[in-house]
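Text of the file start_11.txt, holding compact mmCIF, C-alpha atoms:
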# COMPACT_ATOMS: atom_id res chain seq x y z
CA MET A 17 -55.28 -97.14 -44.82
CA ILE A 18 -54.27 -98.65 -41.51
CA LEU A 19 -53.89 -95.91 -38.90
CA ILE A 20 -51.31 -96.22 -36.10
CA VAL A 21 -51.61 -93.93 -33.07
CA CYS A 22 -50.15 -93.78 -29.55
CA ILE A 23 -52.37 -92.40 -26.78
CA ASP A 24 -52.33 -91.89 -23.02
CA ASP A 25 -55.05 -92.68 -20.48
CA ARG A 26 -57.16 -89.72 -21.65
CA LYS A 27 -56.64 -90.27 -25.38
CA GLY A 28 -54.02 -87.53 -25.46
CA MET A 29 -51.39 -87.55 -28.21
CA MET A 30 -49.39 -84.33 -28.05
CA PHE A 31 -48.69 -81.40 -25.73
CA ASN A 32 -47.30 -78.05 -26.83
CA GLN A 33 -46.49 -79.55 -30.26
CA ARG A 34 -44.37 -82.30 -28.71
CA ARG A 35 -45.15 -86.01 -28.46
CA GLN A 36 -46.21 -87.17 -25.04
CA SER A 37 -43.88 -90.13 -24.93
CA GLN A 38 -41.81 -92.58 -26.95
CA ASP A 39 -40.41 -96.08 -26.52
CA LYS A 40 -37.79 -98.01 -28.47
CA ILE A 41 -39.53 -101.36 -28.01
CA LEU A 42 -42.80 -99.89 -29.23
CA ARG A 43 -41.08 -98.68 -32.39
CA GLU A 44 -39.72 -102.18 -33.02
CA ASP A 45 -43.17 -103.60 -32.46
CA MET A 46 -44.64 -101.12 -34.91
CA ILE A 47 -42.12 -102.10 -37.57
CA ASN A 48 -43.01 -105.76 -37.03
CA GLN A 49 -46.71 -105.02 -37.36
CA CYS A 50 -46.08 -103.39 -40.73
CA ARG A 51 -44.02 -106.16 -42.34
CA ASN A 52 -46.73 -106.79 -44.96
CA GLY A 53 -47.10 -103.25 -46.17
CA LYS A 54 -45.51 -99.84 -46.45
CA LEU A 55 -45.15 -97.69 -43.34
CA TYR A 56 -45.76 -93.98 -43.90
CA MET A 57 -45.13 -91.07 -41.52
CA ASN A 58 -44.01 -87.46 -41.62
CA GLU A 59 -40.49 -86.17 -40.95
CA TYR A 60 -41.29 -85.32 -37.33
CA SER A 61 -42.07 -88.97 -36.60
CA PHE A 62 -39.34 -90.33 -38.87
CA SER A 63 -36.68 -88.55 -36.81
CA MET A 64 -37.37 -91.07 -34.03
CA PHE A 65 -36.72 -94.12 -36.18
CA GLY A 66 -32.98 -93.72 -36.67
CA GLU A 67 -32.17 -97.08 -35.08
CA CYS A 68 -34.60 -98.99 -37.36
CA THR A 69 -32.20 -99.06 -40.28
CA ASP A 70 -33.62 -102.20 -41.87
CA ALA A 71 -37.20 -100.92 -41.91
CA VAL A 72 -38.82 -99.54 -45.04
CA ILE A 73 -40.33 -96.26 -43.98
CA ILE A 74 -41.64 -93.61 -46.31
CA ALA A 75 -41.40 -90.14 -44.84
CA ALA A 76 -43.49 -87.42 -46.46
CA GLU A 77 -45.54 -84.51 -45.18
CA ASP A 78 -48.57 -85.47 -47.29
CA PHE A 79 -48.34 -89.19 -46.52
CA LEU A 80 -52.04 -89.44 -45.66
CA ASN A 81 -52.78 -88.58 -49.29
CA GLN A 82 -50.17 -91.00 -50.64
CA ALA A 83 -51.03 -94.10 -48.60
CA GLY A 84 -53.03 -96.89 -50.24
CA GLU A 85 -55.70 -99.13 -48.76
CA ASN A 86 -53.29 -101.61 -47.14
CA ASP A 87 -50.55 -99.15 -46.18
CA TYR A 88 -49.77 -98.19 -42.60
CA CYS A 89 -49.82 -94.56 -41.48
CA PHE A 90 -48.23 -93.57 -38.17
CA VAL A 91 -49.82 -90.30 -37.07
CA GLU A 92 -48.60 -88.12 -34.21
CA ASN A 93 -49.22 -84.47 -34.97
CA GLN A 94 -51.55 -84.44 -37.93
CA GLU A 95 -55.28 -83.90 -38.23
CA ILE A 96 -57.01 -87.12 -39.30
CA SER A 97 -60.66 -86.12 -39.25
CA GLY A 98 -60.60 -85.56 -43.02
CA TYR A 99 -59.44 -89.12 -43.67
CA LEU A 100 -61.97 -91.10 -41.63
CA VAL A 101 -63.51 -92.76 -44.68
CA ASP A 102 -60.09 -94.03 -45.78
CA ILE A 103 -59.25 -95.70 -42.47
CA ASN A 104 -60.19 -99.37 -42.44
CA LYS A 105 -58.13 -100.47 -39.48
CA ILE A 106 -56.58 -98.84 -36.42
CA ILE A 107 -53.57 -100.00 -34.42
CA LEU A 108 -53.86 -98.24 -31.09
CA TYR A 109 -50.96 -98.22 -28.67
CA HIS A 110 -51.82 -97.29 -25.08
CA TRP A 111 -49.03 -95.91 -22.89
CA ASN A 112 -51.07 -96.76 -19.79
CA ARG A 113 -49.79 -93.57 -18.21
CA ARG A 114 -51.01 -90.02 -18.04
CA TYR A 115 -49.31 -87.04 -19.67
CA PRO A 116 -50.31 -83.44 -20.32
CA ALA A 117 -52.23 -83.13 -23.58
CA ASP A 118 -53.71 -80.53 -25.89
CA THR A 119 -54.11 -82.76 -28.97
CA TYR A 120 -56.38 -85.77 -28.66
CA PHE A 121 -57.28 -88.87 -30.63
CA ASN A 122 -60.83 -88.11 -31.72
CA ILE A 123 -62.02 -91.43 -33.16
CA ASP A 124 -64.39 -93.22 -30.80
CA VAL A 125 -63.61 -96.92 -31.27
CA THR A 126 -66.57 -97.78 -29.03
CA ASP A 127 -69.21 -96.11 -31.21
CA GLY A 128 -70.25 -99.37 -32.88
CA ASN A 129 -68.33 -98.80 -36.09
CA TRP A 130 -65.26 -100.68 -34.93
CA LYS A 131 -64.57 -104.19 -33.73
CA ARG A 132 -61.56 -104.98 -31.59
CA GLU A 133 -59.68 -107.89 -33.17
CA THR A 134 -56.75 -108.23 -30.79
CA SER A 135 -55.38 -106.78 -27.58
CA GLU A 136 -51.87 -107.56 -26.41
CA ILE A 137 -49.71 -106.27 -23.62
CA PHE A 138 -45.94 -105.99 -23.75
CA THR A 139 -43.18 -104.32 -21.76
CA GLY A 140 -41.49 -101.35 -23.36
CA SER A 141 -38.00 -100.01 -22.78
CA SER A 142 -39.20 -97.28 -20.40
CA HIS A 143 -42.84 -98.32 -19.96
CA ASP A 144 -43.83 -101.22 -17.72
CA LYS A 145 -46.93 -101.96 -19.73
CA ILE A 146 -47.89 -100.97 -23.26
CA THR A 147 -51.13 -102.24 -24.75
CA ARG A 148 -51.53 -102.76 -28.48
CA GLU A 149 -55.13 -102.98 -29.71
CA VAL A 150 -56.20 -103.60 -33.30
CA TYR A 151 -59.62 -102.39 -34.41
CA LYS A 152 -61.29 -103.19 -37.72
CA LYS A 153 -63.97 -101.02 -39.26
CA ILE A 154 -67.27 -102.93 -39.47
CA LYS A 155 -69.59 -100.21 -40.81
CA MET B 13 11.87 -80.47 -15.99
CA SER B 14 10.87 -83.30 -18.30
CA ASP B 15 8.01 -83.02 -20.80
CA LYS B 16 6.06 -85.60 -18.87
CA LYS B 17 6.31 -83.62 -15.64
CA ILE B 18 5.25 -80.41 -17.38
CA LYS B 19 2.23 -82.16 -18.91
CA PHE B 20 1.31 -83.54 -15.51
CA LEU B 21 1.51 -80.10 -13.86
CA VAL B 22 -0.59 -78.55 -16.64
CA LEU B 23 -3.17 -81.30 -16.09
CA ILE B 24 -3.27 -80.62 -12.34
CA VAL B 25 -3.73 -76.86 -12.89
CA CYS B 26 -6.50 -77.54 -15.43
CA CYS B 27 -8.30 -79.85 -12.98
CA MET B 28 -8.08 -77.23 -10.22
CA PHE B 29 -9.42 -74.58 -12.58
CA LEU B 30 -12.28 -76.78 -13.77
CA THR B 31 -13.23 -77.75 -10.21
CA GLY B 32 -13.29 -74.09 -9.24
CA CYS B 33 -15.48 -73.29 -12.22
CA THR B 34 -17.95 -76.02 -11.30
CA ASP B 35 -18.28 -74.64 -7.78
CA PHE B 36 -18.80 -71.17 -9.13
CA VAL B 37 -21.50 -72.26 -11.57
CA SER B 38 -23.34 -74.25 -8.89
CA LYS B 39 -23.19 -71.35 -6.48
CA GLU B 40 -24.52 -69.00 -9.11
CA LYS B 41 -27.40 -71.35 -9.76
CA THR B 42 -28.15 -71.71 -6.06
CA GLN B 43 -28.28 -67.98 -5.62
CA LYS B 44 -30.19 -67.33 -8.79
CA GLU B 45 -33.20 -65.22 -8.05
CA GLN B 46 -36.17 -66.94 -9.58
CA GLU B 47 -38.54 -64.37 -10.99
CA LEU B 48 -41.69 -64.95 -8.99
CA ILE B 49 -44.97 -65.02 -10.78
CA ASN B 50 -47.68 -62.67 -9.63
CA LEU B 51 -50.69 -64.59 -8.37
CA GLU B 52 -52.92 -61.78 -9.60
CA ASP B 53 -51.92 -62.77 -13.13
CA ILE B 54 -53.04 -66.37 -12.62
CA PRO B 55 -56.69 -66.96 -13.56
CA ASP B 56 -58.93 -68.62 -10.99
CA TYR B 57 -59.11 -72.39 -11.15
CA MET B 58 -61.66 -73.27 -13.84
CA GLY B 59 -61.72 -77.05 -13.82
CA GLU B 60 -58.34 -77.78 -15.44
CA PRO B 61 -55.43 -78.70 -13.16
CA TYR B 62 -53.02 -76.26 -14.82
CA VAL B 63 -52.76 -73.13 -16.95
CA GLU B 64 -49.97 -72.28 -19.36
CA LEU B 65 -47.65 -69.40 -18.49
CA ASN B 66 -45.68 -67.17 -20.85
CA GLY B 67 -47.09 -68.93 -23.91
CA ASN B 68 -45.83 -72.24 -22.51
CA LYS B 69 -42.23 -71.06 -22.88
CA PRO B 70 -39.84 -71.74 -19.99
CA GLU B 71 -37.45 -69.00 -18.94
CA PHE B 72 -34.08 -70.60 -18.29
CA SER B 73 -30.86 -68.65 -18.51
CA GLU B 74 -28.67 -69.52 -21.46
CA SER B 75 -25.79 -70.16 -19.06
CA ASP B 76 -27.74 -72.95 -17.33
CA PHE B 77 -27.70 -75.24 -20.35
CA THR B 78 -25.22 -77.98 -19.65
CA GLU B 79 -24.95 -81.68 -20.35
CA GLU B 80 -24.00 -82.34 -16.72
CA SER B 81 -26.78 -83.29 -14.33
CA PHE B 82 -27.35 -81.20 -11.21
CA GLU B 83 -29.99 -80.67 -8.55
CA ILE B 84 -30.34 -77.67 -6.27
CA TYR B 85 -32.85 -77.17 -3.48
CA SER B 86 -33.57 -73.87 -1.75
CA ASP B 87 -33.27 -73.59 2.01
CA LEU B 88 -36.54 -73.44 3.91
CA ASP B 89 -37.61 -69.88 4.73
CA GLN B 90 -38.42 -68.53 8.22
CA LEU B 91 -41.88 -70.12 7.97
CA ASP B 92 -40.32 -73.49 7.06
CA ARG B 93 -41.60 -73.24 3.51
CA CYS B 94 -39.86 -74.68 0.49
CA GLY B 95 -38.48 -72.53 -2.29
CA THR B 96 -37.44 -73.30 -5.85
CA ALA B 97 -36.11 -76.76 -6.67
CA TYR B 98 -34.00 -76.83 -9.81
CA ALA B 99 -32.44 -79.76 -11.62
CA ASN B 100 -30.83 -80.74 -14.84
CA VAL B 101 -32.35 -84.18 -15.01
CA GLY B 102 -30.26 -86.94 -16.55
CA THR B 103 -30.31 -90.70 -16.27
CA ASP B 104 -27.58 -90.52 -13.62
CA LEU B 105 -29.93 -88.63 -11.25
CA MET B 106 -32.74 -91.13 -11.61
CA PRO B 107 -33.41 -93.65 -8.85
CA VAL B 108 -32.41 -97.27 -9.06
CA GLU B 109 -34.26 -98.30 -5.89
CA GLU B 110 -37.87 -98.28 -4.74
CA ARG B 111 -38.95 -95.07 -3.02
CA GLY B 112 -38.33 -94.94 0.73
CA SER B 113 -40.54 -93.55 3.49
CA ILE B 114 -41.19 -89.80 3.49
CA GLY B 115 -43.80 -89.90 6.27
CA LYS B 116 -41.65 -88.23 8.87
CA ILE B 117 -41.51 -84.95 6.91
CA LYS B 118 -44.19 -82.43 7.88
CA PRO B 119 -44.16 -79.73 5.20
CA SER B 120 -45.62 -76.31 6.01
CA GLY B 121 -49.42 -76.36 6.18
CA TRP B 122 -49.48 -80.12 6.70
CA HIS B 123 -52.68 -81.75 8.02
CA THR B 124 -53.56 -85.41 7.94
CA VAL B 125 -57.18 -85.25 6.90
CA LYS B 126 -59.50 -87.52 4.96
CA TYR B 127 -62.57 -86.92 2.86
CA ASP B 128 -64.80 -89.45 1.20
CA ASN B 129 -64.85 -87.46 -2.04
CA VAL B 130 -61.07 -87.45 -2.47
CA ASP B 131 -59.33 -90.16 -4.48
CA GLY B 132 -57.51 -92.27 -1.89
CA LYS B 133 -59.37 -90.32 0.87
CA TYR B 134 -56.37 -88.26 2.00
CA LEU B 135 -56.67 -84.62 1.02
CA TYR B 136 -52.96 -83.87 1.26
CA ASN B 137 -49.92 -85.63 -0.13
CA ARG B 138 -46.29 -84.86 0.54
CA CYS B 139 -45.61 -83.62 -2.99
CA HIS B 140 -42.08 -83.83 -4.36
CA LEU B 141 -41.11 -80.65 -6.17
CA ILE B 142 -38.62 -82.61 -8.26
CA GLY B 143 -40.47 -85.92 -8.57
CA TYR B 144 -38.87 -89.02 -7.09
CA GLN B 145 -38.77 -90.68 -10.52
CA LEU B 146 -36.59 -87.80 -11.75
CA SER B 147 -34.10 -87.24 -8.95
CA GLY B 148 -34.45 -90.12 -6.50
CA GLU B 149 -34.84 -87.73 -3.57
CA ASN B 150 -36.65 -89.35 -0.66
CA ALA B 151 -37.24 -87.54 2.61
CA ASN B 152 -35.65 -84.23 1.63
CA GLU B 153 -37.59 -81.50 3.45
CA LYS B 154 -36.42 -78.95 0.88
CA ASN B 155 -38.18 -80.92 -1.85
CA LEU B 156 -41.53 -81.75 -0.23
CA ILE B 157 -44.55 -79.48 0.03
CA THR B 158 -48.10 -80.00 1.19
CA GLY B 159 -50.17 -80.52 -1.93
CA THR B 160 -53.63 -81.80 -2.62
CA ARG B 161 -54.11 -85.24 -4.08
CA TYR B 162 -55.51 -83.53 -7.17
CA MET B 163 -52.46 -81.32 -7.65
CA ASN B 164 -50.12 -84.24 -7.12
CA VAL B 165 -51.78 -86.85 -9.34
CA ASP B 166 -53.76 -84.87 -11.91
CA GLY B 167 -51.51 -81.84 -12.00
CA MET B 168 -47.83 -82.57 -11.45
CA LEU B 169 -47.46 -86.28 -12.20
CA PRO B 170 -48.33 -86.14 -15.93
CA PHE B 171 -45.59 -83.53 -16.48
CA GLU B 172 -43.09 -85.58 -14.48
CA ASN B 173 -43.99 -88.63 -16.56
CA MET B 174 -43.35 -86.75 -19.78
CA VAL B 175 -39.91 -85.63 -18.61
CA ALA B 176 -38.97 -89.04 -17.17
CA ASP B 177 -39.88 -90.92 -20.35
CA TYR B 178 -37.96 -88.49 -22.53
CA VAL B 179 -34.79 -88.72 -20.41
CA LYS B 180 -34.93 -92.52 -20.20
CA GLU B 181 -35.54 -92.97 -23.91
CA THR B 182 -33.04 -90.45 -25.27
CA GLY B 183 -30.38 -90.30 -22.56
CA ASN B 184 -30.61 -86.52 -22.92
CA HIS B 185 -30.99 -83.95 -20.14
CA VAL B 186 -33.95 -81.76 -19.21
CA LEU B 187 -33.69 -78.50 -17.29
CA TYR B 188 -36.51 -78.74 -14.78
CA ARG B 189 -37.52 -76.09 -12.26
CA VAL B 190 -40.43 -76.19 -9.82
CA THR B 191 -41.32 -73.20 -7.65
CA PRO B 192 -44.04 -73.34 -5.01
CA VAL B 193 -46.01 -70.08 -5.02
CA PHE B 194 -47.16 -68.78 -1.63
CA GLU B 195 -49.25 -65.71 -0.99
CA GLY B 196 -47.91 -63.57 1.88
CA ASP B 197 -47.33 -65.70 4.97
CA ASP B 198 -49.55 -68.55 3.85
CA LEU B 199 -48.27 -71.95 4.90
CA LEU B 200 -49.89 -73.71 1.97
CA ALA B 201 -48.81 -72.95 -1.59
CA LYS B 202 -51.46 -71.73 -3.99
CA GLY B 203 -49.79 -73.87 -6.60
CA VAL B 204 -46.50 -74.64 -8.27
CA GLN B 205 -44.83 -73.11 -11.29
CA MET B 206 -43.24 -75.83 -13.45
CA GLU B 207 -40.78 -75.21 -16.26
CA ALA B 208 -38.92 -77.74 -18.37
CA MET B 209 -36.78 -77.72 -21.48
CA SER B 210 -34.73 -80.52 -23.02
CA VAL B 211 -31.08 -79.56 -23.34
CA GLU B 212 -29.37 -81.46 -26.15
CA ASP B 213 -32.14 -80.87 -28.69
CA LYS B 214 -32.88 -77.31 -27.47
CA GLY B 215 -36.45 -77.99 -26.40
CA GLN B 216 -37.60 -80.08 -29.34
CA GLY B 217 -38.41 -82.98 -27.02
CA VAL B 218 -39.66 -81.26 -23.86
CA PHE B 219 -40.76 -77.66 -23.57
CA PHE B 220 -43.36 -76.30 -21.16
CA HIS B 221 -44.12 -73.65 -18.57
CA VAL B 222 -47.25 -74.08 -16.49
CA PHE B 223 -48.85 -73.21 -13.17
CA ILE B 224 -50.53 -76.10 -11.39
CA TYR B 225 -53.29 -75.29 -8.92
CA ASN B 226 -53.09 -76.62 -5.38
CA VAL B 227 -56.82 -77.20 -5.20
CA GLN B 228 -59.08 -80.15 -4.58
CA PRO B 229 -62.49 -80.15 -6.27
CA GLY B 230 -65.23 -80.28 -3.64
CA ILE B 231 -62.99 -79.06 -0.82
CA SER B 232 -62.45 -75.52 0.50
CA ILE B 233 -58.94 -74.77 1.70
CA ASP B 234 -57.60 -72.05 3.99
CA TYR B 235 -54.17 -71.44 2.48
CA ALA B 236 -52.97 -69.51 5.54
CA THR B 237 -53.05 -72.63 7.68
CA GLY B 238 -53.90 -75.61 5.49
CA GLU B 239 -57.20 -76.12 7.31
CA SER B 240 -59.92 -77.47 5.06
CA SER B 241 -63.63 -78.22 4.86
CA LEU B 242 -66.12 -79.70 2.47
CA ASP B 243 -67.52 -77.24 0.00
CA LYS B 244 -70.97 -76.17 1.19
CA GLN B 245 -72.66 -77.47 -1.94
CA ASP B 246 -71.02 -80.85 -1.44
CA PHE B 247 -71.70 -81.10 2.27
CA ASN B 248 -74.86 -83.11 1.85
CA LYS B 249 -73.39 -85.38 -0.79
CA SER B 250 -70.41 -86.57 1.15
CA SER B 251 -69.65 -86.85 4.80
CA LEU B 252 -66.46 -85.49 6.26
CA ALA B 253 -64.35 -88.18 7.78
CA ASP B 254 -62.92 -87.26 11.16
CA GLU B 255 -59.50 -85.65 11.10
CA GLN B 256 -57.14 -88.58 11.31
CA VAL B 257 -54.45 -88.99 13.87
CA GLU B 258 -51.13 -90.59 13.14
CA ILE B 259 -50.20 -94.05 14.25
CA ARG B 260 -46.48 -94.05 15.02
CA GLY B 261 -44.57 -97.23 14.34
CA ASN B 262 -41.05 -98.15 15.36
CA SER B 263 -39.35 -99.79 12.40
CA ARG B 264 -36.77 -101.44 14.67
CA SER B 265 -39.11 -103.01 17.24
CA LYS B 266 -42.07 -103.37 14.82
CA ILE B 267 -44.36 -101.95 17.54
CA TYR B 268 -46.83 -99.17 16.88
CA HIS B 269 -48.12 -96.52 19.28
CA CYS B 270 -51.50 -94.79 19.35
CA PRO B 271 -52.19 -91.26 20.68
CA GLY B 272 -52.24 -91.33 24.48
CA GLN B 273 -49.98 -94.34 24.79
CA ALA B 274 -46.77 -94.05 26.80
CA ALA B 275 -44.18 -93.75 24.04
CA TYR B 276 -46.36 -91.99 21.46
CA GLU B 277 -44.88 -88.50 21.94
CA GLU B 278 -41.30 -89.80 22.17
CA MET B 279 -41.67 -91.53 18.85
CA GLU B 280 -42.18 -88.25 17.02
CA ASP B 281 -38.44 -87.58 16.84
CA SER B 282 -37.28 -91.18 16.60
CA LYS B 283 -35.12 -92.11 13.64
CA TYR B 284 -37.11 -95.32 13.50
CA LEU B 285 -40.43 -93.50 13.08
CA VAL B 286 -42.83 -94.90 10.51
CA ILE B 287 -46.22 -93.21 10.21
CA PHE B 288 -49.41 -95.11 9.51
CA SER B 289 -52.84 -93.69 8.94
CA SER B 290 -54.65 -96.43 10.87
CA GLU B 291 -53.99 -99.32 13.21
CA GLN B 292 -55.10 -101.66 10.45
CA GLU B 293 -52.45 -100.26 8.13
CA ALA B 294 -49.79 -100.78 10.82
CA GLU B 295 -50.92 -104.35 11.44
CA ASN B 296 -50.97 -105.07 7.74
CA ALA B 297 -47.35 -103.95 7.66
CA GLY B 298 -46.48 -106.52 10.33
CA TYR B 299 -46.49 -104.20 13.37
CA ARG B 300 -48.15 -104.98 16.75
CA LYS B 301 -49.67 -102.51 19.17
CA ALA B 302 -47.73 -101.32 22.21
CA LYS B 303 -49.09 -102.74 25.47
CA ARG B 304 -49.21 -99.43 27.30
Exercise: express the given structure as structure tokens:
Amino acid sequence: MILIVCIDDRKGMMFNQRRQSQDKILREDMINQCRNGKLYMNEYSFSMFGECTDAVIIAAEDFLNQAGENDYCFVENQEISGYLVDINKIILYHWNRRYPADTYFNIDVTDGNWKRETSEIFTGSSHDKITREVYKKIK
Amino acid sequence: MSDKKIKFLVLIVCCMFLTGCTDFVSKEKTQKEQELINLEDIPDYMGEPYVELNGNKPEFSESDFTEESFEIYSDLDQLDRCGTAYANVGTDLMPVEERGSIGKIKPSGWHTVKYDNVDGKYLYNRCHLIGYQLSGENANEKNLITGTRYMNVDGMLPFENMVADYVKETGNHVLYRVTPVFEGDDLLAKGVQMEAMSVEDKGQGVFFHVFIYNVQPGISIDYATGESSLDKQDFNKSSLADEQVEIRGNSRSKIYHCPGQAAYEEMEDSKYLVIFSSEQEAENAGYRKAKR
């Protein structure tokens, strides 16, 4: 599967069971990144995508079990440590800001198992600078 | 009397009634006694900038939930200390201009002091209770306290960011209350209590209640006065920079004055006062030094 995650400057993802941040432009970018496959997420995440009416999104609580090798999985509030072997690519969005956090992204993309393929910066709707990095598993 | 006239009179009476209600609600909020937290219940600082209070649940009154923005600041007390700042943050409160100068405000416990082991050198910042990005308040003395760089940047700012992003992205409101917590007659707050809850979605977007410590790792602080010193164990690792004096600039004449110069004391109350931390900073801003 291709994992999609948004993180802050300290790899935080959530605080008190709420997402740290959101951005309309980022969501559009995410949809564009997933044009060649299915985009999976749970209902919590799907509730944000109301404006993306033309996108094909599959919302299910057990989507990490359903997704195939080339499917995209947007994860906000779910544990992913049990799916590490299934992840072959990671799309990592950086907010480039700092938020409170109690849930963190726990994959170390600098541990030698991942190779950064691309890194692009764009302006969001409420964020001056969002960075999108794509990492491919090499080991 | 025609139907049109009757409708008009009814409309006028309704407007008067609604205006009166708004005043009443605002007054009630202004006078609302914020339940103060007991510092004895707050654990000592253990390396994290904040601790959660009340299971991270804010304690707003049901009657405060409204889809109209507001902001209320407490009067300074007899020691010139800030009290609770309370807002219902909406996009209409947010600033549309760059932040202005706040250097002329001297919150209680204020000292201009630098240390080599502090990010940006300056130990203290003028910390907005309701962050500028949320309410657009500049030099409002009822909204600025003396806070460490650590409390400002590592403690309060991440929470402000979370609220600001949510409001900008959804157009919703967030009830947001910040209360500086002083012990006795201390001039420096021990920390701030921060509560927030998104209104339209009943807290699904934003929901927290925390205490943020007004501490600076490596620095000892006397909260009674705001005086500070390097922690003993850090004394040999980092040298204390001399307490800094203010350089006072005149924004109209673009001339700056150093301590001891003729107009230095007069400048303190000038409406054109701009404070710099060094002569170099003043010169970089295009100011020149007074001749006497």
Hey, can you pull every residue with an atom no more than 7 Å from (-43.0, -86.2, -45.2), using all atoms listed in the file, and send it as a PyMOL selection string? chain A and resi 57-59+75-79
What lies within 9 Å of segment 28-37 of chain A using only C-alpha atoms, ignoring chain neighbours under 2 positions off, as a ChimeraX atom specification? /A:21-26,39,92-93,111,114-121 /B:68,173-175,177-178,181,216-220
Please find the residues of chain B near chain A - the criterion being any atom within 12 Å, counting only C-alpha atoms - and write them as a short mmCIF file (atom, residue, chain, number, x, y, z; two decimals) with C-alpha atoms, in the coordinates of the input.
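File written: result_13.cif
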data_model
loop_
_atom_site.label_atom_id
_atom_site.label_comp_id
_atom_site.auth_asym_id
_atom_site.auth_seq_id
_atom_site.Cartn_x
_atom_site.Cartn_y
_atom_site.Cartn_z
CA GLU B 60 -58.34 -77.78 -15.44
CA PRO B 61 -55.43 -78.70 -13.16
CA TYR B 62 -53.02 -76.26 -14.82
CA VAL B 63 -52.76 -73.13 -16.95
CA GLU B 64 -49.97 -72.28 -19.36
CA GLY B 67 -47.09 -68.93 -23.91
CA ASN B 68 -45.83 -72.24 -22.51
CA LYS B 69 -42.23 -71.06 -22.88
CA PRO B 70 -39.84 -71.74 -19.99
CA THR B 103 -30.31 -90.70 -16.27
CA GLN B 145 -38.77 -90.68 -10.52
CA VAL B 165 -51.78 -86.85 -9.34
CA ASP B 166 -53.76 -84.87 -11.91
CA GLY B 167 -51.51 -81.84 -12.00
CA MET B 168 -47.83 -82.57 -11.45
CA LEU B 169 -47.46 -86.28 -12.20
CA PRO B 170 -48.33 -86.14 -15.93
CA PHE B 171 -45.59 -83.53 -16.48
CA GLU B 172 -43.09 -85.58 -14.48
CA ASN B 173 -43.99 -88.63 -16.56
CA MET B 174 -43.35 -86.75 -19.78
CA VAL B 175 -39.91 -85.63 -18.61
CA ALA B 176 -38.97 -89.04 -17.17
CA ASP B 177 -39.88 -90.92 -20.35
CA TYR B 178 -37.96 -88.49 -22.53
CA VAL B 179 -34.79 -88.72 -20.41
CA LYS B 180 -34.93 -92.52 -20.20
CA GLU B 181 -35.54 -92.97 -23.91
CA THR B 182 -33.04 -90.45 -25.27
CA GLY B 183 -30.38 -90.30 -22.56
CA ALA B 208 -38.92 -77.74 -18.37
CA MET B 209 -36.78 -77.72 -21.48
CA SER B 210 -34.73 -80.52 -23.02
CA GLY B 215 -36.45 -77.99 -26.40
CA GLN B 216 -37.60 -80.08 -29.34
CA GLY B 217 -38.41 -82.98 -27.02
CA VAL B 218 -39.66 -81.26 -23.86
CA PHE B 219 -40.76 -77.66 -23.57
CA PHE B 220 -43.36 -76.30 -21.16
CA HIS B 221 -44.12 -73.65 -18.57
CA VAL B 222 -47.25 -74.08 -16.49
CA ILE B 224 -50.53 -76.10 -11.39
#
As an exercise, work out the distance from atom CA of Cys89 of chain A to atom CA of Val101 of chain A in Å and give it to one decimal place.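 Between these atoms lies a distance of 14.2 Å.
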Residue nearest Tyr109 of chain A among A:Lys153, A:Lys131, A:Lys27, A:Arg148 (counting all atoms listed in the file):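 Among the listed residues, A:Arg148 lies closest to Tyr109 of chain A.
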Just checking: using all atoms listed in the file, which residue out of A:Asn122, A:Leu80, A:Ile47, A:His110 ends up closest to Thr139 of chain A? A:His110
Taking every listed atom of segment 123-138 of chain A and adding 5 Å to each side, what centre and edge lengths in Å (one decimal) does the axis-aligned box have, as AutoDock Vina command-line options?
--center_x -58.1 --center_y -99.8 --center_z -29.9 --size_x 34.3 --size_y 26.8 --size_z 22.5
